[in-house]
Amino acid sequence: MESSFSKKFKYQILGKKALIGSFGLLLLVTIFFALFLNRIQTKYSIKQFQPKNHPSIDLQEKIKNDFLLTETSPILISLTHPESETWLEDDSLQKLSDLTEQLEDLESVEYLTTIQNLPIVILGANHFNLGSISDLEDKARALENPTIVPQFLSQDGRATNILLHTEPLSKEKRSVLISELNKILKENFSEEYYLSGIPVFGNEMSRMLNSEIALFTFLSLILALLVISFVFKGFAAPLICFLSLLVLNVLSLGILNILELPFTVLTSSIPILIAITFISIASHYQINLWKGSQHKQIDKVDLIHQTSRRLFRSQILASLTTIIGFACLIPSSVPVISQFGLGVCLSVGLVTLLSLTFLPLIYAHIKLPEPRNFSFVALITIQVQKTKRVLPVLVVGSLIGLSIMTSLQISKGLNWSTRLMDDLPQGNRIQVANSYIDENMGGLLPLNLVINSKSANNSFKHSDQLLRLEHFLSWLREQNEVGSALALSDFINLASHKERRIEDNAKIKETLFLYGTSEENPIDYFLSPSGQSTRVALYLKDKNSAEVISLVAQIKEKAQNSFSESEVLVAGQALSHHQINRELSERLIFGFFSALGFIFLLILLQFRSLSWSLLAILPNLVPAVSLLTLLLIFQIPIKPGIAIVFSISLGLAFDNTIYLLNSLREQLKHKTKKVDILTIFRRERGGCLLSSLTSMAGFSIFVFSQFGVSQSFGIFMVVAILSGLFADLYLLPRLLLGIIVLKEKYLIKNFDSLGKDAKHA
């Protein structure tokens, strides 16, 4: 018998005063966090995907220090001329000079590098010195200078590059500068021009991310409302959903902004995950409330209290499995993935806390929403559950076949072959600029090759070493994937066009001395002070990973064969991106077992039964098998944004399993002789279908993304959720028949009566 104090307490916590006080406080907090929404930081950079303390990145830093290289990411401006003109003509050079003066006057611009101020070798009668292209008597000879072509001047002389170096800029200042550059170029340069470089690429990604955050938040609200309107009669449920999601998004995004977590390609999915979490909790709660109100003459407050207590454990456990799935991403050494994991954990935790707190208050004071009659859905579901022979054989056979196929394909390998600069959509102005520069102006991606001689007798100040270097450089320039290559031998050869100084040790020594008398000695960037080490500067074209890794292996092997007594080191963005991409993707795909292990321990702690924990795990392996099979069969290029689906889907997939198993265990606790599994599936099926439908609708939003990797992410999430739903509504009952009978020794009602009862579902 319930005490009068307990009953009075329940009425007080669900009373009008509690409602007004709680919602008043929530409104004030929401308004406070809404003030921070205009400060949301959208951020994109290549470094976001670079792990800390990675050997490849550390090696690149060492090379920069050894050869006095500066860490710069200039804005790249490519100017083109019609076929009848080149940039070596006096009028063109004057036009370039005028444009350069305007650009130098812009705020935040430190300096520019162009063909006009680029130090080049000027030959005299018996000597040489460093000057500018204006000092050349025959400017056409610039087309033969590897320090100019193709990085600063195309091979036909019709296109030239300007490197614009800036002080460190905030996102806002960088965006303003790029707008000013476009304005000046349009006003003063009628021919075609291209803006590129890491700052421009990052600015374009940030701009597009800004629009996607607004779009995805809006669409997630709309889709959630449509799903709720489809399932429930009247306007109460959609209105509650709309207001709840609005408040939850404001609070979550505001908190993340206060914590200075930037919004990236991955974190732009947080509004969808907020909607999915809320709908999952609300759908099970609303449907159970309605069914409870129909079957018993019970006081509304008691009904809300009993339903909240019965579902509380399932709701908390389901949310924790999702949080664990994402929490496994937090230890990642890659900032963008770690921030994404932390952001989702905080958001899901907040949504769960507020939903469990305010949903009982809301439904205590409104008419309970009535679900629509979907008997045909129940009939289809029950018929699938009822099928005993044909479908189980097909399903089990298919799973075995997929497992065999997966094993065979794993031996061949997944497709890790991706490109660095393909995140932007095809046809985008920056993507077009990247492609043009990549093909016509010497490549986009830097690669440094360092040769360390182990013997003092093999100094790169000697003729035999330089001749071997010259031969190696010629081989490099023959490779189609190499956009440009520059080495110490080029500077020696430029010192004279009448004689081969590279063949004479005395001439080499004299040449190095004359270079050393200049204000800025370019030799320092290619030769160590001892002469034991030299650097070859390459720019590779943006090709897929397989081609790049194969090329780099060939380059290293060729260098090692040419300098057998030396150590050969290779580092740079052209290589490190692909290495890191594969390592991260492998960790994310196969690291989902870590998340599975933690979730298993959580369920084991909750159920305190090994058999029940295994029962919860088995159906949730189906989404992972489905995803891996798709990747292997269709050889889809894998990026971290695709690989991350495994951890995410694992967390979401457990939701339905938890609700079904918790309901079954609650009934088993009553120690009855018969456990009616049909009743349990009837009661929880609606919530499972609704939450899964909402999840699929939410992730289908990514089809509208401007980024190809986001579109693939959405498709894979839909496949994972759909396969997980099938496993819960079909495979799980089959497992229940076996495991519960053997381990719990209760009599389970057979499935023979399911079909005739479908009309009552």
# chains A, B, ... in the order shown; residues from 1 in each chain; ligands from 1
>>> select_by_dssp(residues="range 423-547 of chain A", states="strand (DSSP E or B)", output="list in words")
Leu445, Pro446, Leu447, Asn448, Leu449, Val450, Ile451, Asn452, Ser453, Val482, Gly483, Ser484, Ala485, Leu486, Leu527, Ser533, Thr534, Arg535, Val536, Ala537, Leu538, Tyr539 and Leu540 of chain A
>>> residues_around(residues="Ala142 in chain A", least_positions_apart="6", cutoff="9 Å", atoms="only C-alpha atoms", output="mmCIF file with all heavy atoms, in the first residue's frame")
data_model
loop_
_atom_site.group_PDB
_atom_site.id
_atom_site.type_symbol
_atom_site.label_atom_id
_atom_site.label_comp_id
_atom_site.auth_asym_id
_atom_site.auth_seq_id
_atom_site.Cartn_x
_atom_site.Cartn_y
_atom_site.Cartn_z
ATOM 1 N N LEU A 88 56.311 37.299 -69.347
ATOM 2 C CA LEU A 88 57.691 37.760 -69.465
ATOM 3 C C LEU A 88 57.803 39.050 -70.272
ATOM 4 O O LEU A 88 58.894 39.619 -70.371
ATOM 5 C CB LEU A 88 58.549 36.661 -70.104
ATOM 6 C CG LEU A 88 58.663 35.371 -69.282
ATOM 7 C CD1 LEU A 88 59.427 34.315 -70.067
ATOM 8 C CD2 LEU A 88 59.330 35.638 -67.942
ATOM 9 N N ILE A 120 66.942 35.236 -58.510
ATOM 10 C CA ILE A 120 67.382 34.295 -59.539
ATOM 11 C C ILE A 120 68.822 34.610 -59.933
ATOM 12 O O ILE A 120 69.329 35.706 -59.676
ATOM 13 C CB ILE A 120 66.473 34.341 -60.785
ATOM 14 C CG1 ILE A 120 66.518 35.737 -61.421
ATOM 15 C CG2 ILE A 120 65.048 33.950 -60.448
ATOM 16 C CD1 ILE A 120 65.769 35.811 -62.733
ATOM 17 N N ILE A 133 64.104 39.043 -62.155
ATOM 18 C CA ILE A 133 63.823 38.739 -63.552
ATOM 19 C C ILE A 133 63.974 39.974 -64.440
ATOM 20 O O ILE A 133 64.265 39.862 -65.635
ATOM 21 C CB ILE A 133 62.401 38.135 -63.682
ATOM 22 C CG1 ILE A 133 62.259 37.397 -65.015
ATOM 23 C CG2 ILE A 133 61.337 39.200 -63.510
ATOM 24 C CD1 ILE A 133 61.003 36.560 -65.106
ATOM 25 N N LEU A 136 67.326 40.294 -66.281
ATOM 26 C CA LEU A 136 67.664 39.388 -67.374
ATOM 27 C C LEU A 136 67.603 40.110 -68.722
ATOM 28 O O LEU A 136 66.605 40.782 -69.022
ATOM 29 C CB LEU A 136 66.699 38.195 -67.405
ATOM 30 C CG LEU A 136 66.877 37.104 -66.344
ATOM 31 C CD1 LEU A 136 65.762 36.082 -66.469
ATOM 32 C CD2 LEU A 136 68.226 36.437 -66.473
ATOM 33 N N ILE A 148 62.143 28.861 -61.135
ATOM 34 C CA ILE A 148 60.986 29.670 -61.524
ATOM 35 C C ILE A 148 59.865 28.803 -62.076
ATOM 36 O O ILE A 148 58.695 28.962 -61.716
ATOM 37 C CB ILE A 148 61.395 30.727 -62.582
ATOM 38 C CG1 ILE A 148 62.451 31.670 -62.013
ATOM 39 C CG2 ILE A 148 60.177 31.508 -63.058
ATOM 40 C CD1 ILE A 148 62.972 32.672 -63.026
ATOM 41 N N VAL A 149 60.218 27.893 -62.971
ATOM 42 C CA VAL A 149 59.245 27.044 -63.657
ATOM 43 C C VAL A 149 59.261 25.651 -63.011
ATOM 44 O O VAL A 149 60.347 25.071 -62.818
ATOM 45 C CB VAL A 149 59.606 26.936 -65.162
ATOM 46 C CG1 VAL A 149 58.642 25.991 -65.877
ATOM 47 C CG2 VAL A 149 59.595 28.314 -65.811
ATOM 48 N N LEU A 153 55.992 30.125 -62.661
ATOM 49 C CA LEU A 153 55.674 30.448 -64.053
ATOM 50 C C LEU A 153 55.407 29.139 -64.786
ATOM 51 O O LEU A 153 56.183 28.193 -64.665
ATOM 52 C CB LEU A 153 56.846 31.192 -64.704
ATOM 53 C CG LEU A 153 56.597 31.868 -66.059
ATOM 54 C CD1 LEU A 153 55.593 33.006 -65.916
ATOM 55 C CD2 LEU A 153 57.908 32.387 -66.640
#
>>> closest_atom_pairs(of="range 137-211 of chain A", to="range 411-434 of chain A", cutoff="9 Å", atoms="only C-alpha atoms", output="tab-separated table")
residue	atom	partner	partner_atom	distance
A:Tyr193	CA	A:Ala433	CA	8.4
A:Tyr194	CA	A:Ala433	CA	5.1
A:Leu195	CA	A:Ala433	CA	6.2
A:Ser196	CA	A:Ala433	CA	6.0
A:Gly197	CA	A:Asn434	CA	7.8
A:Val200	CA	A:Ile430	CA	7.6
A:Phe201	CA	A:Ile430	CA	6.7
A:Glu204	CA	A:Ile430	CA	7.5
A:Met205	CA	A:Leu424	CA	7.3
>>> residues_around(residues="range 538-551 of chain A", least_positions_apart="4", cutoff="6 Å", atoms="only C-alpha atoms", output="PDB file with all heavy atoms, in the first residue's frame")
ATOM      1  N   SER A 417      42.380   4.247 -50.627  1.00  0.00           N
ATOM      2  CA  SER A 417      42.917   5.168 -51.628  1.00  0.00           C
ATOM      3  C   SER A 417      42.054   6.421 -51.730  1.00  0.00           C
ATOM      4  O   SER A 417      41.026   6.438 -52.397  1.00  0.00           O
ATOM      5  CB  SER A 417      42.997   4.468 -52.990  1.00  0.00           C
ATOM      6  OG  SER A 417      43.778   5.184 -53.886  1.00  0.00           O
ATOM      7  N   THR A 418      42.469   7.477 -51.059  1.00  0.00           N
ATOM      8  CA  THR A 418      41.738   8.744 -51.065  1.00  0.00           C
ATOM      9  C   THR A 418      42.655   9.873 -51.535  1.00  0.00           C
ATOM     10  O   THR A 418      43.859   9.697 -51.678  1.00  0.00           O
ATOM     11  CB  THR A 418      41.222   9.077 -49.654  1.00  0.00           C
ATOM     12  OG1 THR A 418      42.347   9.194 -48.772  1.00  0.00           O
ATOM     13  CG2 THR A 418      40.301   7.987 -49.147  1.00  0.00           C
ATOM     14  N   ARG A 419      42.065  11.018 -51.740  1.00  0.00           N
ATOM     15  CA  ARG A 419      42.827  12.198 -52.123  1.00  0.00           C
ATOM     16  C   ARG A 419      42.736  13.240 -51.020  1.00  0.00           C
ATOM     17  O   ARG A 419      41.804  13.232 -50.210  1.00  0.00           O
ATOM     18  CB  ARG A 419      42.303  12.778 -53.433  1.00  0.00           C
ATOM     19  CG  ARG A 419      42.542  11.879 -54.647  1.00  0.00           C
ATOM     20  CD  ARG A 419      41.893  12.463 -55.885  1.00  0.00           C
ATOM     21  NE  ARG A 419      42.394  13.789 -56.161  1.00  0.00           N
ATOM     22  CZ  ARG A 419      41.772  14.683 -56.946  1.00  0.00           C
ATOM     23  NH1 ARG A 419      40.633  14.363 -57.511  1.00  0.00           N
ATOM     24  NH2 ARG A 419      42.296  15.862 -57.156  1.00  0.00           N
ATOM     25  N   ASP A 438      47.277  22.291 -59.657  1.00  0.00           N
ATOM     26  CA  ASP A 438      47.862  20.959 -59.547  1.00  0.00           C
ATOM     27  C   ASP A 438      48.389  20.472 -60.894  1.00  0.00           C
ATOM     28  O   ASP A 438      49.461  19.866 -60.977  1.00  0.00           O
ATOM     29  CB  ASP A 438      46.795  19.991 -59.016  1.00  0.00           C
ATOM     30  CG  ASP A 438      47.395  18.737 -58.420  1.00  0.00           C
ATOM     31  OD1 ASP A 438      48.422  18.850 -57.744  1.00  0.00           O
ATOM     32  OD2 ASP A 438      46.839  17.657 -58.641  1.00  0.00           O
ATOM     33  N   GLY A 443      52.083  21.225 -59.138  1.00  0.00           N
ATOM     34  CA  GLY A 443      51.606  20.393 -58.032  1.00  0.00           C
ATOM     35  C   GLY A 443      51.288  21.175 -56.773  1.00  0.00           C
ATOM     36  O   GLY A 443      51.758  22.289 -56.563  1.00  0.00           O
ATOM     37  N   LEU A 444      50.492  20.545 -55.911  1.00  0.00           N
ATOM     38  CA  LEU A 444      50.016  21.208 -54.698  1.00  0.00           C
ATOM     39  C   LEU A 444      50.671  20.705 -53.418  1.00  0.00           C
ATOM     40  O   LEU A 444      50.801  21.450 -52.449  1.00  0.00           O
ATOM     41  CB  LEU A 444      48.496  21.010 -54.560  1.00  0.00           C
ATOM     42  CG  LEU A 444      47.579  21.942 -55.344  1.00  0.00           C
ATOM     43  CD1 LEU A 444      46.146  21.433 -55.269  1.00  0.00           C
ATOM     44  CD2 LEU A 444      47.652  23.354 -54.801  1.00  0.00           C
ATOM     45  N   LEU A 445      51.073  19.454 -53.408  1.00  0.00           N
ATOM     46  CA  LEU A 445      51.426  18.819 -52.141  1.00  0.00           C
ATOM     47  C   LEU A 445      52.931  18.681 -51.975  1.00  0.00           C
ATOM     48  O   LEU A 445      53.595  18.001 -52.765  1.00  0.00           O
ATOM     49  CB  LEU A 445      50.768  17.442 -52.056  1.00  0.00           C
ATOM     50  CG  LEU A 445      49.250  17.442 -52.295  1.00  0.00           C
ATOM     51  CD1 LEU A 445      48.711  16.038 -52.232  1.00  0.00           C
ATOM     52  CD2 LEU A 445      48.552  18.349 -51.292  1.00  0.00           C
ATOM     53  N   PRO A 446      53.507  19.317 -50.952  1.00  0.00           N
ATOM     54  CA  PRO A 446      54.965  19.291 -50.762  1.00  0.00           C
ATOM     55  C   PRO A 446      55.466  17.955 -50.227  1.00  0.00           C
ATOM     56  O   PRO A 446      54.805  17.285 -49.429  1.00  0.00           O
ATOM     57  CB  PRO A 446      55.196  20.416 -49.748  1.00  0.00           C
ATOM     58  CG  PRO A 446      53.917  20.507 -48.982  1.00  0.00           C
ATOM     59  CD  PRO A 446      52.828  20.149 -49.939  1.00  0.00           C
ATOM     60  N   LEU A 447      56.653  17.597 -50.682  1.00  0.00           N
ATOM     61  CA  LEU A 447      57.326  16.391 -50.205  1.00  0.00           C
ATOM     62  C   LEU A 447      58.816  16.683 -50.145  1.00  0.00           C
ATOM     63  O   LEU A 447      59.395  17.186 -51.112  1.00  0.00           O
ATOM     64  CB  LEU A 447      57.062  15.205 -51.135  1.00  0.00           C
ATOM     65  CG  LEU A 447      57.657  13.865 -50.691  1.00  0.00           C
ATOM     66  CD1 LEU A 447      56.871  13.304 -49.507  1.00  0.00           C
ATOM     67  CD2 LEU A 447      57.661  12.864 -51.838  1.00  0.00           C
ATOM     68  N   GLU A 481      53.402  11.814 -61.817  1.00  0.00           N
ATOM     69  CA  GLU A 481      52.776  12.308 -60.579  1.00  0.00           C
ATOM     70  C   GLU A 481      53.595  13.404 -59.907  1.00  0.00           C
ATOM     71  O   GLU A 481      53.125  14.036 -58.961  1.00  0.00           O
ATOM     72  CB  GLU A 481      52.583  11.159 -59.590  1.00  0.00           C
ATOM     73  CG  GLU A 481      51.631  10.060 -60.067  1.00  0.00           C
ATOM     74  CD  GLU A 481      52.357   8.998 -60.868  1.00  0.00           C
ATOM     75  OE1 GLU A 481      53.562   9.208 -61.165  1.00  0.00           O
ATOM     76  OE2 GLU A 481      51.733   7.974 -61.198  1.00  0.00           O
ATOM     77  N   VAL A 482      54.836  13.640 -60.364  1.00  0.00           N
ATOM     78  CA  VAL A 482      55.685  14.693 -59.793  1.00  0.00           C
ATOM     79  C   VAL A 482      55.430  15.992 -60.543  1.00  0.00           C
ATOM     80  O   VAL A 482      55.680  16.089 -61.750  1.00  0.00           O
ATOM     81  CB  VAL A 482      57.177  14.309 -59.886  1.00  0.00           C
ATOM     82  CG1 VAL A 482      58.052  15.461 -59.389  1.00  0.00           C
ATOM     83  CG2 VAL A 482      57.445  13.046 -59.069  1.00  0.00           C
ATOM     84  N   GLY A 483      54.917  16.993 -59.834  1.00  0.00           N
ATOM     85  CA  GLY A 483      54.647  18.278 -60.472  1.00  0.00           C
ATOM     86  C   GLY A 483      55.908  19.084 -60.694  1.00  0.00           C
ATOM     87  O   GLY A 483      56.092  19.718 -61.739  1.00  0.00           O
ATOM     88  N   SER A 484      56.787  19.070 -59.697  1.00  0.00           N
ATOM     89  CA  SER A 484      58.052  19.806 -59.809  1.00  0.00           C
ATOM     90  C   SER A 484      59.063  19.230 -58.833  1.00  0.00           C
ATOM     91  O   SER A 484      58.696  18.603 -57.834  1.00  0.00           O
ATOM     92  CB  SER A 484      57.845  21.299 -59.534  1.00  0.00           C
ATOM     93  OG  SER A 484      57.363  21.501 -58.219  1.00  0.00           O
ATOM     94  N   ALA A 485      60.343  19.460 -59.134  1.00  0.00           N
ATOM     95  CA  ALA A 485      61.429  18.985 -58.263  1.00  0.00           C
ATOM     96  C   ALA A 485      62.593  19.956 -58.370  1.00  0.00           C
ATOM     97  O   ALA A 485      62.914  20.446 -59.458  1.00  0.00           O
ATOM     98  CB  ALA A 485      61.864  17.580 -58.662  1.00  0.00           C
ATOM     99  N   HIS A 578      48.282  10.657 -46.291  1.00  0.00           N
ATOM    100  CA  HIS A 578      47.793   9.330 -46.654  1.00  0.00           C
ATOM    101  C   HIS A 578      48.150   8.295 -45.590  1.00  0.00           C
ATOM    102  O   HIS A 578      47.354   7.398 -45.303  1.00  0.00           O
ATOM    103  CB  HIS A 578      48.362   8.938 -48.016  1.00  0.00           C
ATOM    104  CG  HIS A 578      47.933   9.843 -49.124  1.00  0.00           C
ATOM    105  ND1 HIS A 578      46.628   9.919 -49.557  1.00  0.00           N
ATOM    106  CD2 HIS A 578      48.625  10.738 -49.884  1.00  0.00           C
ATOM    107  CE1 HIS A 578      46.533  10.801 -50.538  1.00  0.00           C
ATOM    108  NE2 HIS A 578      47.732  11.318 -50.744  1.00  0.00           N
TER     109      HIS A 578
END
>>> atom_distance(atom1="CA of Asp302 in chain A", atom2="CA of Leu320 in chain A")
27.0 Å
>>> closest_atom_pairs(of="range 456-536 of chain A", to="range 48-66 of chain A", cutoff="9 Å", atoms="only C-alpha atoms", output="tab-separated table")
residue	atom	partner	partner_atom	distance
A:Tyr525	CA	A:Asp66	CA	8.6
A:Ser528	CA	A:Asp66	CA	7.3
A:Arg535	CA	A:Ile63	CA	8.6
>>> residues_around(residues="range 564-571 of chain A", least_positions_apart="3", cutoff="8 Å", atoms="only C-alpha atoms", output="PyMOL selection string")
chain A and resi 56-57+59-60+447-455+552+556+559-561+574-576
>>> decode(residues="range 619-637 of chain A", atoms="N, CA and C atoms", output="compact mmCIF listing (two decimals), in the first residue's frame")
# COMPACT_ATOMS: atom_id res chain seq x y z
N PRO A 619 23.00 -9.44 -31.66
CA PRO A 619 22.28 -8.76 -32.75
C PRO A 619 22.98 -7.49 -33.22
N ASN A 620 23.76 -6.90 -32.34
CA ASN A 620 24.39 -5.62 -32.69
C ASN A 620 25.70 -5.78 -33.43
N LEU A 621 26.08 -7.03 -33.71
CA LEU A 621 27.20 -7.26 -34.61
C LEU A 621 26.76 -7.17 -36.07
N VAL A 622 25.44 -7.30 -36.31
CA VAL A 622 24.93 -7.28 -37.68
C VAL A 622 25.22 -5.96 -38.39
N PRO A 623 25.01 -4.78 -37.77
CA PRO A 623 25.34 -3.53 -38.48
C PRO A 623 26.81 -3.46 -38.88
N ALA A 624 27.72 -3.88 -37.99
CA ALA A 624 29.15 -3.82 -38.31
C ALA A 624 29.48 -4.74 -39.49
N VAL A 625 28.90 -5.96 -39.49
CA VAL A 625 29.13 -6.89 -40.60
C VAL A 625 28.59 -6.31 -41.90
N SER A 626 27.41 -5.69 -41.84
CA SER A 626 26.80 -5.10 -43.03
C SER A 626 27.67 -3.98 -43.60
N LEU A 627 28.15 -3.11 -42.72
CA LEU A 627 28.97 -1.98 -43.17
C LEU A 627 30.29 -2.46 -43.76
N LEU A 628 30.93 -3.38 -43.07
CA LEU A 628 32.22 -3.88 -43.54
C LEU A 628 32.07 -4.57 -44.89
N THR A 629 30.97 -5.29 -45.05
CA THR A 629 30.72 -5.98 -46.31
C THR A 629 30.54 -4.98 -47.45
N LEU A 630 29.79 -3.90 -47.20
CA LEU A 630 29.61 -2.87 -48.23
C LEU A 630 30.94 -2.25 -48.63
N LEU A 631 31.76 -1.95 -47.62
CA LEU A 631 33.06 -1.34 -47.91
C LEU A 631 33.93 -2.26 -48.74
N LEU A 632 33.88 -3.53 -48.42
CA LEU A 632 34.74 -4.49 -49.10
C LEU A 632 34.27 -4.80 -50.51
N ILE A 633 32.97 -5.03 -50.67
CA ILE A 633 32.44 -5.41 -51.98
C ILE A 633 32.56 -4.28 -52.98
N PHE A 634 32.16 -3.07 -52.55
CA PHE A 634 32.16 -1.93 -53.48
C PHE A 634 33.46 -1.14 -53.46
N GLN A 635 34.40 -1.56 -52.62
CA GLN A 635 35.71 -0.92 -52.55
C GLN A 635 35.59 0.61 -52.43
N ILE A 636 34.77 1.04 -51.50
CA ILE A 636 34.54 2.47 -51.27
C ILE A 636 35.76 3.07 -50.59
N PRO A 637 36.29 4.18 -51.11
CA PRO A 637 37.46 4.81 -50.47
C PRO A 637 37.14 5.21 -49.03
